[in-house]
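Structure file data.txt with compact mmCIF, C-alpha atoms and all ligand atoms:
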```txt
# COMPACT_ATOMS: atom_id res chain seq x y z
CA SER A 126 160.47 78.64 229.34
CA ALA A 127 158.47 81.46 230.89
CA ASP A 128 155.47 79.13 231.01
CA VAL A 129 157.55 76.46 232.69
CA ALA A 130 158.77 79.03 235.14
CA MET A 131 155.22 80.13 235.81
CA TYR A 132 154.18 76.54 236.33
CA HIS A 133 156.87 75.95 238.90
CA ALA A 134 156.28 79.24 240.59
CA LYS A 135 152.61 78.33 240.84
CA ASN A 136 153.19 74.87 242.23
CA TYR A 137 156.27 75.15 244.34
CA GLY A 138 156.08 78.72 245.53
CA ARG A 139 158.87 80.88 246.82
CA ASN A 140 161.23 78.13 247.98
CA ASN A 141 162.05 77.21 244.43
CA TYR A 142 162.56 80.77 243.33
CA GLN A 143 166.30 80.78 244.13
CA PHE A 144 166.89 77.55 242.28
CA TYR A 145 165.07 78.60 239.11
CA SER A 146 166.55 82.04 239.01
CA ARG A 147 170.01 80.45 238.88
CA GLU A 148 168.94 77.90 236.30
CA LEU A 149 166.98 80.06 233.93
CA GLY A 150 168.63 83.45 234.14
CA SER A 151 167.27 86.81 235.06
CA LYS A 152 164.43 87.12 232.53
CA ALA A 153 162.79 83.90 233.63
CA SER A 154 163.41 84.57 237.30
CA GLU A 155 161.72 87.92 236.97
CA TYR A 156 158.72 86.05 235.56
CA ILE A 157 158.68 83.64 238.48
CA MET A 158 158.98 86.37 241.02
CA LEU A 159 156.41 88.65 239.39
CA GLY A 160 153.96 85.83 238.65
CA ALA A 161 153.97 84.60 242.23
CA SER A 162 153.84 88.11 243.67
CA ILE A 163 150.96 89.22 241.42
CA ARG A 164 148.90 86.33 242.72
CA GLN A 165 149.58 87.53 246.27
CA ALA A 166 149.02 91.16 245.32
CA LEU A 167 145.33 90.61 244.67
CA LYS A 168 144.89 88.92 248.05
CA ASN A 169 146.91 91.59 249.85
CA ALA A 170 145.13 94.50 248.15
CA GLU A 171 148.37 95.90 246.75
CA PHE A 172 146.78 97.24 243.57
CA GLU A 173 145.74 100.83 243.32
CA LEU A 174 144.16 102.95 240.60
CA PHE A 175 145.42 106.36 239.59
CA TYR A 176 143.25 108.66 237.51
CA GLN A 177 144.44 110.93 234.73
CA PRO A 178 142.12 113.77 233.72
CA GLN A 179 140.79 114.07 230.18
CA VAL A 180 140.12 117.65 229.15
CA ASP A 181 137.77 119.24 226.62
CA LEU A 182 140.08 121.45 224.54
CA MET A 183 137.35 123.99 223.80
CA SER A 184 136.23 124.67 227.38
CA GLY A 185 139.36 123.58 229.25
CA GLU A 186 137.11 121.53 231.54
CA ILE A 187 137.78 118.06 232.83
CA VAL A 188 135.27 115.75 231.15
CA GLY A 189 136.55 112.42 232.38
CA ALA A 190 139.50 110.36 233.52
CA GLU A 191 141.44 107.27 232.57
CA ALA A 192 142.04 104.67 235.27
CA LEU A 193 145.68 103.53 235.33
CA LEU A 194 146.82 100.60 237.41
CA ARG A 195 149.63 100.79 239.98
CA TRP A 196 151.02 97.99 242.08
CA ARG A 197 152.52 98.86 245.44
CA ASN A 198 154.54 95.91 246.70
CA PRO A 199 156.50 95.85 249.98
CA GLN A 200 159.58 94.37 248.28
CA LEU A 201 159.37 95.86 244.80
CA GLY A 202 158.05 99.33 245.61
CA VAL A 203 155.66 100.89 243.10
CA VAL A 204 155.56 98.75 239.96
CA MET A 205 154.30 100.38 236.76
CA PRO A 206 151.91 98.49 234.45
CA ASP A 207 154.41 98.15 231.61
CA ARG A 208 156.44 95.89 233.94
CA PHE A 209 153.70 93.56 235.11
CA ILE A 210 150.68 93.60 232.77
CA LYS A 211 152.34 91.27 230.29
CA VAL A 212 153.17 88.75 233.02
CA ALA A 213 149.62 89.03 234.33
CA GLU A 214 148.29 88.40 230.81
CA GLU A 215 150.45 85.36 230.21
CA SER A 216 149.47 83.78 233.50
CA GLY A 217 145.79 84.57 233.01
CA LEU A 218 145.73 86.60 236.23
CA ILE A 219 144.79 89.66 234.17
CA VAL A 220 141.20 88.44 234.12
CA GLU A 221 140.86 88.74 237.88
CA ILE A 222 142.92 91.93 238.03
CA GLY A 223 140.86 93.40 235.21
CA GLU A 224 137.64 92.74 237.08
CA TRP A 225 139.06 94.43 240.14
CA VAL A 226 140.07 97.43 238.00
CA LEU A 227 136.61 97.68 236.44
CA ARG A 228 134.82 97.50 239.79
CA GLU A 229 137.16 100.05 241.38
CA ALA A 230 136.96 102.47 238.42
CA CYS A 231 133.17 102.20 238.19
CA SER A 232 132.84 102.92 241.93
CA ALA A 233 135.14 105.90 241.52
CA VAL A 234 133.10 107.49 238.74
CA VAL A 235 129.87 106.93 240.67
CA CYS A 236 131.50 108.74 243.57
CA LEU A 237 132.71 111.60 241.34
CA ASN A 238 129.34 112.02 239.62
CA ARG A 239 127.31 112.01 242.82
CA TYR A 240 127.85 115.74 243.29
CA ARG A 241 127.78 116.79 239.66
CA PRO A 242 124.78 118.03 237.69
CA ASP A 243 123.03 115.17 235.86
CA ASP A 244 123.80 116.67 232.46
CA HIS A 245 127.52 117.03 233.23
CA PRO A 246 128.71 113.58 234.27
CA LEU A 247 132.36 112.59 234.02
CA SER A 248 133.37 109.55 232.01
CA MET A 249 135.74 106.83 233.17
CA ALA A 250 138.07 105.08 230.73
CA VAL A 251 139.27 101.59 231.63
CA ASN A 252 141.97 99.65 229.79
CA LEU A 253 141.07 96.12 228.78
CA SER A 254 143.48 93.39 227.85
CA SER A 255 142.59 91.15 224.89
CA ARG A 256 142.77 88.22 227.29
CA GLN A 257 139.73 89.52 229.10
CA PHE A 258 137.74 89.03 225.90
CA LEU A 259 139.19 85.66 225.06
CA TYR A 260 139.05 83.75 228.33
CA ASN A 261 136.17 85.16 230.24
CA ASP A 262 132.54 86.10 230.02
CA LEU A 263 133.44 89.76 229.91
CA LEU A 264 129.95 90.89 228.98
CA ALA A 265 128.42 89.26 232.04
CA SER A 266 131.05 90.64 234.40
CA VAL A 267 130.70 94.19 233.01
CA LYS A 268 126.92 94.00 233.44
CA ASP A 269 127.33 92.71 237.00
CA ILE A 270 129.81 95.41 237.91
CA LEU A 271 127.62 98.20 236.48
CA ALA A 272 124.65 96.90 238.47
CA GLU A 273 126.70 96.43 241.65
CA THR A 274 128.31 99.87 241.60
CA GLY A 275 125.43 101.87 240.12
CA CYS A 276 127.66 103.09 237.28
CA LYS A 277 125.72 104.10 234.17
CA PRO A 278 126.94 102.48 230.94
CA GLU A 279 127.17 105.98 229.41
CA TRP A 280 129.89 106.88 231.92
CA LEU A 281 132.11 103.97 230.98
CA LYS A 282 134.69 103.91 228.19
CA LEU A 283 136.43 100.64 227.45
CA GLU A 284 139.85 101.00 225.85
CA ILE A 285 140.92 98.16 223.61
CA THR A 286 143.87 97.79 221.28
CA GLU A 287 143.86 97.37 217.52
CA SER A 288 145.23 93.85 217.95
CA LEU A 289 141.93 92.73 219.48
CA LEU A 290 140.15 93.59 216.21
CA LEU A 291 142.76 91.61 214.31
CA GLU A 292 141.53 88.50 216.11
CA ASP A 293 138.66 88.85 213.64
CA SER A 294 136.37 86.91 215.93
CA GLN A 295 132.60 87.05 215.57
CA GLU A 296 132.23 86.61 219.29
CA ILE A 297 134.42 89.60 220.09
CA ILE A 298 132.59 91.80 217.57
CA SER A 299 129.28 90.77 219.02
CA THR A 300 130.44 91.55 222.57
CA LEU A 301 131.64 94.98 221.41
CA SER A 302 128.33 95.60 219.64
CA THR A 303 126.40 94.75 222.79
CA PHE A 304 128.57 97.13 224.82
CA LYS A 305 127.83 99.86 222.29
CA GLU A 306 124.08 99.16 222.35
CA MET A 307 124.20 99.40 226.14
CA GLY A 308 125.68 102.90 225.81
CA ILE A 309 129.28 102.08 226.65
CA THR A 310 131.93 103.83 224.54
CA ILE A 311 134.48 101.58 222.88
CA SER A 312 137.79 103.32 222.34
CA ILE A 313 140.88 102.25 220.40
CA ASP A 314 143.96 102.90 222.50
CA ASP A 315 147.34 103.74 220.94
CA PHE A 316 145.61 104.34 217.63
CA CYS A 317 147.83 104.00 214.52
CA THR A 318 150.56 102.09 216.34
CA GLY A 319 149.12 98.69 215.36
CA TYR A 320 148.60 97.08 212.02
CA SER A 321 144.94 97.61 211.25
CA ALA A 322 143.90 99.35 208.05
CA MET A 323 142.04 102.48 209.02
CA SER A 324 139.22 102.06 206.52
CA TYR A 325 138.52 98.74 208.21
CA LEU A 326 137.77 100.49 211.50
CA GLY A 327 134.47 101.81 210.21
CA GLN A 328 133.13 98.26 210.25
CA PHE A 329 133.64 97.83 213.98
CA PRO A 330 131.36 99.09 216.75
CA ILE A 331 133.85 101.72 217.86
CA SER A 332 133.11 105.31 218.86
CA GLN A 333 136.47 106.76 219.84
CA VAL A 334 140.17 106.58 219.03
CA LYS A 335 143.09 107.69 221.18
CA ILE A 336 146.03 109.05 219.26
CA ASP A 337 149.20 107.62 220.72
CA ARG A 338 151.56 110.06 222.36
CA SER A 339 154.31 109.20 219.86
CA PHE A 340 152.28 111.19 217.30
CA VAL A 341 151.86 114.16 219.63
CA ARG A 342 155.45 114.40 220.83
CA ASP A 343 157.01 116.64 218.17
CA ILE A 344 154.04 118.47 216.67
CA ALA A 345 155.14 121.82 218.05
CA ALA A 346 158.69 121.47 216.70
CA LYS A 347 158.38 119.60 213.43
CA GLN A 348 156.10 120.57 210.56
CA ASP A 349 155.95 117.04 209.13
CA LYS A 350 154.76 115.70 212.50
CA LEU A 351 152.04 118.32 212.65
CA GLU A 352 150.92 117.35 209.15
CA LEU A 353 150.86 113.69 210.11
CA ILE A 354 148.67 114.23 213.15
CA THR A 355 146.42 116.55 211.15
CA ALA A 356 145.90 113.73 208.65
CA ILE A 357 145.09 111.29 211.46
CA ILE A 358 142.57 113.73 212.92
CA ARG A 359 140.90 114.07 209.47
CA ILE A 360 140.65 110.31 209.10
CA ALA A 361 139.05 110.00 212.53
CA HIS A 362 136.54 112.70 211.56
CA ALA A 363 135.80 110.96 208.27
CA LEU A 364 135.09 107.76 210.17
CA ARG A 365 132.86 109.73 212.60
CA LEU A 366 135.08 108.77 215.50
CA GLU A 367 135.59 110.89 218.58
CA LEU A 368 139.23 111.68 219.21
CA VAL A 369 141.40 111.84 222.31
CA ALA A 370 145.01 112.97 222.05
CA GLU A 371 147.39 111.30 224.50
CA GLY A 372 150.64 112.56 225.94
CA VAL A 373 149.98 116.30 225.67
CA GLU A 374 152.83 117.88 227.61
CA SER A 375 152.71 121.54 226.58
CA LYS A 376 150.24 124.32 226.01
CA GLN A 377 151.58 124.68 222.48
CA GLN A 378 150.69 121.07 221.70
CA ALA A 379 147.24 121.53 223.24
CA ASN A 380 146.57 124.60 221.11
CA LEU A 381 147.75 122.96 217.89
CA LEU A 382 145.50 119.95 218.55
CA LYS A 383 142.56 122.23 219.25
CA ILE A 384 143.13 124.18 216.02
CA GLN A 385 143.26 120.93 214.06
CA GLY A 386 139.88 119.87 215.46
CA CYS A 387 140.83 117.44 218.17
CA THR A 388 138.25 117.71 220.95
CA ILE A 389 139.65 115.88 223.97
CA ALA A 390 143.19 115.61 225.32
CA GLN A 391 145.07 113.94 228.09
CA GLY A 392 148.65 114.41 229.26
CA TYR A 393 151.05 115.79 231.84
CA PHE A 394 150.20 119.37 230.74
CA PHE A 395 146.71 118.91 232.21
CA GLY A 396 147.60 116.48 234.95
CA LYS A 397 149.56 113.35 235.71
CA PRO A 398 147.76 110.21 236.85
CA MET A 399 146.69 110.94 240.44
CA ARG A 400 144.80 109.51 243.39
CA LEU A 401 141.04 109.84 243.46
CA ARG A 402 141.06 112.34 246.32
CA HIS A 403 143.46 114.58 244.39
CA LEU A 404 141.23 114.45 241.31
CA LYS A 405 138.27 115.43 243.49
CA LEU A 406 140.20 118.46 244.75
CA ILE A 407 141.05 119.59 241.22
CA LEU A 408 137.43 119.14 240.15
CA ALA A 409 136.26 121.21 243.10
CA GLU A 410 138.50 124.07 241.98
CA GLU A 411 136.87 124.09 238.52
CA HIS A 412 139.87 125.51 236.72
CA ASP A 413 139.90 126.18 233.01
CA LEU A 414 142.92 124.00 232.25
CA MET A 415 143.50 125.63 228.85
CA GLN A 416 144.27 128.96 230.55
P1 LIG B 501 147.85 103.70 227.99
O1 LIG B 501 146.49 103.16 228.24
O2 LIG B 501 148.15 104.16 226.62
O3 LIG B 501 148.02 104.85 229.07
C1 LIG B 501 148.74 106.02 228.85
C2 LIG B 501 150.11 105.97 229.50
O4 LIG B 501 150.81 107.17 229.19
C3 LIG B 501 150.06 105.89 231.02
O5 LIG B 501 151.19 105.14 231.45
C4 LIG B 501 150.22 107.36 231.42
O6 LIG B 501 150.73 107.53 232.73
C5 LIG B 501 151.20 107.83 230.38
N1 LIG B 501 151.06 109.27 230.12
C6 LIG B 501 149.97 110.03 230.21
N2 LIG B 501 150.21 111.30 229.87
C7 LIG B 501 151.52 111.37 229.54
C8 LIG B 501 152.38 112.44 229.09
O7 LIG B 501 151.99 113.59 228.93
N3 LIG B 501 153.68 112.10 228.83
C9 LIG B 501 154.15 110.84 229.01
N4 LIG B 501 155.44 110.60 228.74
N5 LIG B 501 153.36 109.81 229.43
C10 LIG B 501 152.06 110.07 229.69
P2 LIG B 501 151.08 104.01 232.54
O8 LIG B 501 150.13 104.43 233.61
O9 LIG B 501 152.46 103.61 232.92
O10 LIG B 501 150.38 102.81 231.77
C11 LIG B 501 151.04 102.17 230.71
C12 LIG B 501 150.13 101.22 229.99
O11 LIG B 501 149.74 100.12 230.81
C13 LIG B 501 148.80 101.85 229.56
O12 LIG B 501 148.98 102.59 228.38
C14 LIG B 501 147.95 100.62 229.36
O13 LIG B 501 148.18 100.05 228.10
C15 LIG B 501 148.47 99.68 230.43
N6 LIG B 501 147.55 99.72 231.59
C16 LIG B 501 147.44 100.61 232.59
N7 LIG B 501 146.46 100.29 233.45
C17 LIG B 501 145.90 99.15 232.97
C18 LIG B 501 144.82 98.30 233.40
O14 LIG B 501 144.12 98.55 234.39
N8 LIG B 501 144.56 97.19 232.64
C19 LIG B 501 145.27 96.90 231.50
N9 LIG B 501 144.94 95.78 230.81
N10 LIG B 501 146.27 97.68 231.07
C20 LIG B 501 146.60 98.78 231.79
MG MG B 502 144.68 103.58 227.80
MG MG B 503 147.43 104.86 224.99
MG MG B 504 149.86 102.15 225.82
```
Would you mind writing the structure in this file as structure tokens?
Ligand code: C2E
Ligand code: MG
Ligand code: MG
Ligand code: MG
Amino acid sequence: SADVAMYHAKNYGRNNYQFYSRELGSKASEYIMLGASIRQALKNAEFELFYQPQVDLMSGEIVGAEALLRWRNPQLGVVMPDRFIKVAEESGLIVEIGEWVLREACSAVVCLNRYRPDDHPLSMAVNLSSRQFLYNDLLASVKDILAETGCKPEWLKLEITESLLLEDSQEIISTLSTFKEMGITISIDDFCTGYSAMSYLGQFPISQVKIDRSFVRDIAAKQDKLELITAIIRIAHALRLELVAEGVESKQQANLLKIQGCTIAQGYFFGKPMRLRHLKLILAEEHDLMQ
């Protein structure tokens, strides 16, 4: 029924919104409203990227950032991605949004790296939806965007989810391999929350995993949680995968992760997602964020 709702929203626009919201209930009406508004949002430039710092646990230095999408709508206010990404995926709009995100994030990292020493560039992590692999020539658009913005492939990290690998498609694997050959880092987001067997991961052209924040949450309070994350860190090492810990909210958690051999971390302890100009200010201060 969501698809039907989307269809009507697409073809009949806002006038029918009232009618369908009464007919189909609140879930479907939210789909109609969001679907129609997302389409407008691209035209009206209502999307915005926030950047969350990623920190090297040894030096305390910012080594990169993750681009996180925000939608500022006059009626809805600021809409977080968990509320609209799924709708955007189901309507296919994620392809266009995703290209916008890539272009914007690549421009941002070019801007950030302009004033940094050549041997100390920042990286930029961008979230990709599986849809972007399935319904679009992603490889071509990434190449275009890198060329257009002047972003080096080595600066770019593409975050995918385990479910993309479960598609078990030769085409997807080959796209990922090409990205890796170009120098782009492929990262598994929300690692260990999906269904993939870890030993299987070694067969894919992946260089990094991000430990989901659900595994970080209680490591300072519960011994069994600390043991679990330690095991995950060991597995990542055994697979020769770089590791990023997500959702680090305290210094205690940061220290425990560092002791267990995790190299990079991200979370409110180091910084919330922020505007580009704010990130630039923090970088200019050159703080050791572990202190
Ligand atoms: P994600 O990629 O796993 O991003 C991490 C999420 O955790 C972000 O939520 C971030 O704000 C939040 N976070 C970071 N540090 C902490 C912390 O210390 N504590 C807590 N409680 N949360 C923390 P956000 O920005 O709401 O994004 C949610 C999800 O939406 C992302 O999860 C990602 O899957 C998706 N997303 C965001 N931007 C994009 C995008 O441009 N494209 C696509 N396809 N998906 C996106
Ligand atoms: Mg992510
Ligand atoms: Mg994540
Ligand atoms: Mg997530």
Write as a list in words the residues around ligand MG 502 (chain B), taking 6 Å as the cut-off and counting all atoms listed in the file.
-> Asn252, Glu284 and Asp314 of chain A
Which residues are close to A:Lys405, i.e. within 12 Å by all atoms listed in the file, leaving aside same-chain residues fewer than 6 positions away? Reply as a CSV table (one decimal) with C-alpha atoms, in the frame of the given file.
```
chain,number,residue,atom,x,y,z
A,176,TYR,CA,143.2,108.7,237.5
A,177,GLN,CA,144.4,110.9,234.7
A,178,PRO,CA,142.1,113.8,233.7
A,187,ILE,CA,137.8,118.1,232.8
A,189,GLY,CA,136.6,112.4,232.4
A,190,ALA,CA,139.5,110.4,233.5
A,233,ALA,CA,135.1,105.9,241.5
A,234,VAL,CA,133.1,107.5,238.7
A,236,CYS,CA,131.5,108.7,243.6
A,237,LEU,CA,132.7,111.6,241.3
A,238,ASN,CA,129.3,112.0,239.6
A,239,ARG,CA,127.3,112.0,242.8
A,240,TYR,CA,127.8,115.7,243.3
A,241,ARG,CA,127.8,116.8,239.7
A,247,LEU,CA,132.4,112.6,234.0
A,399,MET,CA,146.7,110.9,240.4
A,411,GLU,CA,136.9,124.1,238.5
```
Near-A:Leu381 list (10 Å; only C-alpha atoms; drop same-chain fewer than 5 positions) as a PDB file with C-alpha atoms, in the frame of the given file:
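Just written: selection_11.pdb:
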```
ATOM      1  CA  VAL A 341     151.860 114.160 219.630  1.00  0.00           C
ATOM      2  CA  ILE A 344     154.040 118.470 216.670  1.00  0.00           C
ATOM      3  CA  ALA A 345     155.140 121.820 218.050  1.00  0.00           C
ATOM      4  CA  LEU A 351     152.040 118.320 212.650  1.00  0.00           C
ATOM      5  CA  ILE A 354     148.670 114.230 213.150  1.00  0.00           C
ATOM      6  CA  THR A 355     146.420 116.550 211.150  1.00  0.00           C
ATOM      7  CA  LYS A 376     150.240 124.320 226.010  1.00  0.00           C
ATOM      8  CA  GLY A 386     139.880 119.870 215.460  1.00  0.00           C
ATOM      9  CA  CYS A 387     140.830 117.440 218.170  1.00  0.00           C
TER      10      CYS A 387
END
```
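Near ligand MG 503 (chain B), at a distance of at most 9 Å and with all atoms listed in the file counted, sit the residues Asn252, Glu284, Thr286, Ile313, Asp314, Asp315, Phe316, Lys335, Ile336, Asp337, Arg338, Ala370, Glu371 and Gly372 of chain A.
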Using all atoms listed in the file, find each residue in chain A having at least one atom no more than 8 Å away from ligand LIG 501 (chain B); report its shortest atom-to-atom pair and that distance in Å (one decimal), rows by chain then rising number, as a tab-separated table.
```
residue	atom	partner	partner_atom	distance
A:Leu174	CA	B:LIG501	O14	7.6
A:Phe175	CA	B:LIG501	O8	7.9
A:Gln177	CA	B:LIG501	C6	7.2
A:Glu191	CA	B:LIG501	O1	7.8
A:Ala192	CA	B:LIG501	N7	6.5
A:Leu193	CA	B:LIG501	N7	3.8
A:Leu194	CA	B:LIG501	N7	4.0
A:Arg195	CA	B:LIG501	N7	7.3
A:Met205	CA	B:LIG501	O9	5.3
A:Pro206	CA	B:LIG501	O11	4.5
A:Asp207	CA	B:LIG501	O11	5.1
A:Ile210	CA	B:LIG501	N10	6.2
A:Ile219	CA	B:LIG501	N9	7.0
A:Ile222	CA	B:LIG501	O14	7.6
A:Gly223	CA	B:LIG501	N8	5.9
A:Val226	CA	B:LIG501	O14	5.5
A:Leu227	CA	B:LIG501	O14	7.8
A:Val251	CA	B:LIG501	O14	6.4
A:Asn252	CA	B:LIG501	N8	4.6
A:Leu253	CA	B:LIG501	N9	4.4
A:Ser254	CA	B:LIG501	N9	4.1
A:Ser255	CA	B:LIG501	N9	7.9
A:Glu284	CA	B:LIG501	O1	7.4
A:Asp314	CA	B:LIG501	O2	6.0
A:Asp315	CA	B:LIG501	O2	5.8
A:Asp337	CA	B:LIG501	O2	6.9
A:Arg338	CA	B:LIG501	N3	7.1
A:Glu371	CA	B:LIG501	N2	6.1
A:Gly372	CA	B:LIG501	O7	3.4
A:Val373	CA	B:LIG501	O7	4.7
A:Glu374	CA	B:LIG501	O7	4.6
A:Gln391	CA	B:LIG501	N2	6.0
A:Gly392	CA	B:LIG501	O7	3.5
A:Tyr393	CA	B:LIG501	O7	3.8
A:Phe394	CA	B:LIG501	O7	6.3
A:Gly396	CA	B:LIG501	N2	7.7
A:Lys397	CA	B:LIG501	N2	6.2
A:Pro398	CA	B:LIG501	O6	5.7
```
Selection to disk with C-alpha atoms, as a PDB file, in the frame of the given file:
```pdb
ATOM      1  CA  LEU A 174     144.160 102.950 240.600  1.00  0.00           C
ATOM      2  CA  PHE A 175     145.420 106.360 239.590  1.00  0.00           C
ATOM      3  CA  GLN A 177     144.440 110.930 234.730  1.00  0.00           C
ATOM      4  CA  GLU A 191     141.440 107.270 232.570  1.00  0.00           C
ATOM      5  CA  ALA A 192     142.040 104.670 235.270  1.00  0.00           C
ATOM      6  CA  LEU A 193     145.680 103.530 235.330  1.00  0.00           C
ATOM      7  CA  LEU A 194     146.820 100.600 237.410  1.00  0.00           C
ATOM      8  CA  ARG A 195     149.630 100.790 239.980  1.00  0.00           C
ATOM      9  CA  MET A 205     154.300 100.380 236.760  1.00  0.00           C
ATOM     10  CA  PRO A 206     151.910  98.490 234.450  1.00  0.00           C
ATOM     11  CA  ASP A 207     154.410  98.150 231.610  1.00  0.00           C
ATOM     12  CA  ILE A 210     150.680  93.600 232.770  1.00  0.00           C
ATOM     13  CA  ILE A 219     144.790  89.660 234.170  1.00  0.00           C
ATOM     14  CA  ILE A 222     142.920  91.930 238.030  1.00  0.00           C
ATOM     15  CA  GLY A 223     140.860  93.400 235.210  1.00  0.00           C
ATOM     16  CA  VAL A 226     140.070  97.430 238.000  1.00  0.00           C
ATOM     17  CA  LEU A 227     136.610  97.680 236.440  1.00  0.00           C
ATOM     18  CA  VAL A 251     139.270 101.590 231.630  1.00  0.00           C
ATOM     19  CA  ASN A 252     141.970  99.650 229.790  1.00  0.00           C
ATOM     20  CA  LEU A 253     141.070  96.120 228.780  1.00  0.00           C
ATOM     21  CA  SER A 254     143.480  93.390 227.850  1.00  0.00           C
ATOM     22  CA  SER A 255     142.590  91.150 224.890  1.00  0.00           C
ATOM     23  CA  GLU A 284     139.850 101.000 225.850  1.00  0.00           C
ATOM     24  CA  ASP A 314     143.960 102.900 222.500  1.00  0.00           C
ATOM     25  CA  ASP A 315     147.340 103.740 220.940  1.00  0.00           C
ATOM     26  CA  ASP A 337     149.200 107.620 220.720  1.00  0.00           C
ATOM     27  CA  ARG A 338     151.560 110.060 222.360  1.00  0.00           C
ATOM     28  CA  GLU A 371     147.390 111.300 224.500  1.00  0.00           C
ATOM     29  CA  GLY A 372     150.640 112.560 225.940  1.00  0.00           C
ATOM     30  CA  VAL A 373     149.980 116.300 225.670  1.00  0.00           C
ATOM     31  CA  GLU A 374     152.830 117.880 227.610  1.00  0.00           C
ATOM     32  CA  GLN A 391     145.070 113.940 228.090  1.00  0.00           C
ATOM     33  CA  GLY A 392     148.650 114.410 229.260  1.00  0.00           C
ATOM     34  CA  TYR A 393     151.050 115.790 231.840  1.00  0.00           C
ATOM     35  CA  PHE A 394     150.200 119.370 230.740  1.00  0.00           C
ATOM     36  CA  GLY A 396     147.600 116.480 234.950  1.00  0.00           C
ATOM     37  CA  LYS A 397     149.560 113.350 235.710  1.00  0.00           C
ATOM     38  CA  PRO A 398     147.760 110.210 236.850  1.00  0.00           C
TER      39      PRO A 398
END
```
How many Å lie between atom CA of A:Asn380 and atom CA of A:Ser312, rounded to one decimal?
->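 Atom CA of A:Asn380 sits 23.1 Å away from atom CA of A:Ser312.
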What is the distance, in Å and to one decimal place, between atom CA of A:Ser294 and atom CA of A:Phe329?
->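 Taking atom CA of A:Ser294 and atom CA of A:Phe329, their separation equals 11.4 Å.
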Please output stretch 402-406 of chain A, rebuilt to include all heavy atoms, as an mmCIF file, in the coordinates of the input.
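Wrote selection06.cif, looks like this:
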```
data_model
loop_
_atom_site.group_PDB
_atom_site.id
_atom_site.type_symbol
_atom_site.label_atom_id
_atom_site.label_comp_id
_atom_site.auth_asym_id
_atom_site.auth_seq_id
_atom_site.Cartn_x
_atom_site.Cartn_y
_atom_site.Cartn_z
ATOM 1 N N ARG A 402 141.335 111.157 245.489
ATOM 2 C CA ARG A 402 141.060 112.340 246.320
ATOM 3 C C ARG A 402 141.695 113.597 245.730
ATOM 4 O O ARG A 402 141.163 114.695 245.861
ATOM 5 C CB ARG A 402 141.498 112.120 247.774
ATOM 6 C CG ARG A 402 142.955 111.842 247.983
ATOM 7 C CD ARG A 402 143.293 111.897 249.485
ATOM 8 N NE ARG A 402 144.702 111.628 249.704
ATOM 9 C CZ ARG A 402 145.222 110.388 249.799
ATOM 10 N NH1 ARG A 402 144.434 109.340 249.714
ATOM 11 N NH2 ARG A 402 146.520 110.220 249.975
ATOM 12 N N HIS A 403 142.818 113.440 245.047
ATOM 13 C CA HIS A 403 143.460 114.580 244.390
ATOM 14 C C HIS A 403 142.617 115.055 243.203
ATOM 15 O O HIS A 403 142.430 116.256 242.998
ATOM 16 C CB HIS A 403 144.872 114.170 243.944
ATOM 17 C CG HIS A 403 145.711 115.303 243.442
ATOM 18 N ND1 HIS A 403 146.992 115.134 242.979
ATOM 19 C CD2 HIS A 403 145.443 116.626 243.310
ATOM 20 C CE1 HIS A 403 147.471 116.306 242.590
ATOM 21 N NE2 HIS A 403 146.551 117.224 242.778
ATOM 22 N N LEU A 404 142.101 114.096 242.435
ATOM 23 C CA LEU A 404 141.230 114.450 241.310
ATOM 24 C C LEU A 404 139.999 115.205 241.806
ATOM 25 O O LEU A 404 139.568 116.196 241.202
ATOM 26 C CB LEU A 404 140.826 113.191 240.537
ATOM 27 C CG LEU A 404 139.914 113.407 239.322
ATOM 28 C CD1 LEU A 404 140.567 114.300 238.276
ATOM 29 C CD2 LEU A 404 139.517 112.065 238.695
ATOM 30 N N LYS A 405 139.438 114.751 242.921
ATOM 31 C CA LYS A 405 138.270 115.430 243.490
ATOM 32 C C LYS A 405 138.591 116.878 243.838
ATOM 33 O O LYS A 405 137.778 117.770 243.607
ATOM 34 C CB LYS A 405 137.819 114.708 244.778
ATOM 35 C CG LYS A 405 137.013 113.465 244.535
ATOM 36 C CD LYS A 405 136.591 112.894 245.896
ATOM 37 C CE LYS A 405 135.982 111.526 245.749
ATOM 38 N NZ LYS A 405 135.904 110.838 247.043
ATOM 39 N N LEU A 406 139.797 117.099 244.396
ATOM 40 C CA LEU A 406 140.200 118.460 244.750
ATOM 41 C C LEU A 406 140.294 119.346 243.509
ATOM 42 O O LEU A 406 139.807 120.476 243.497
ATOM 43 C CB LEU A 406 141.570 118.449 245.462
ATOM 44 C CG LEU A 406 141.585 117.934 246.892
ATOM 45 C CD1 LEU A 406 143.009 117.894 247.425
ATOM 46 C CD2 LEU A 406 140.704 118.810 247.777
#
```
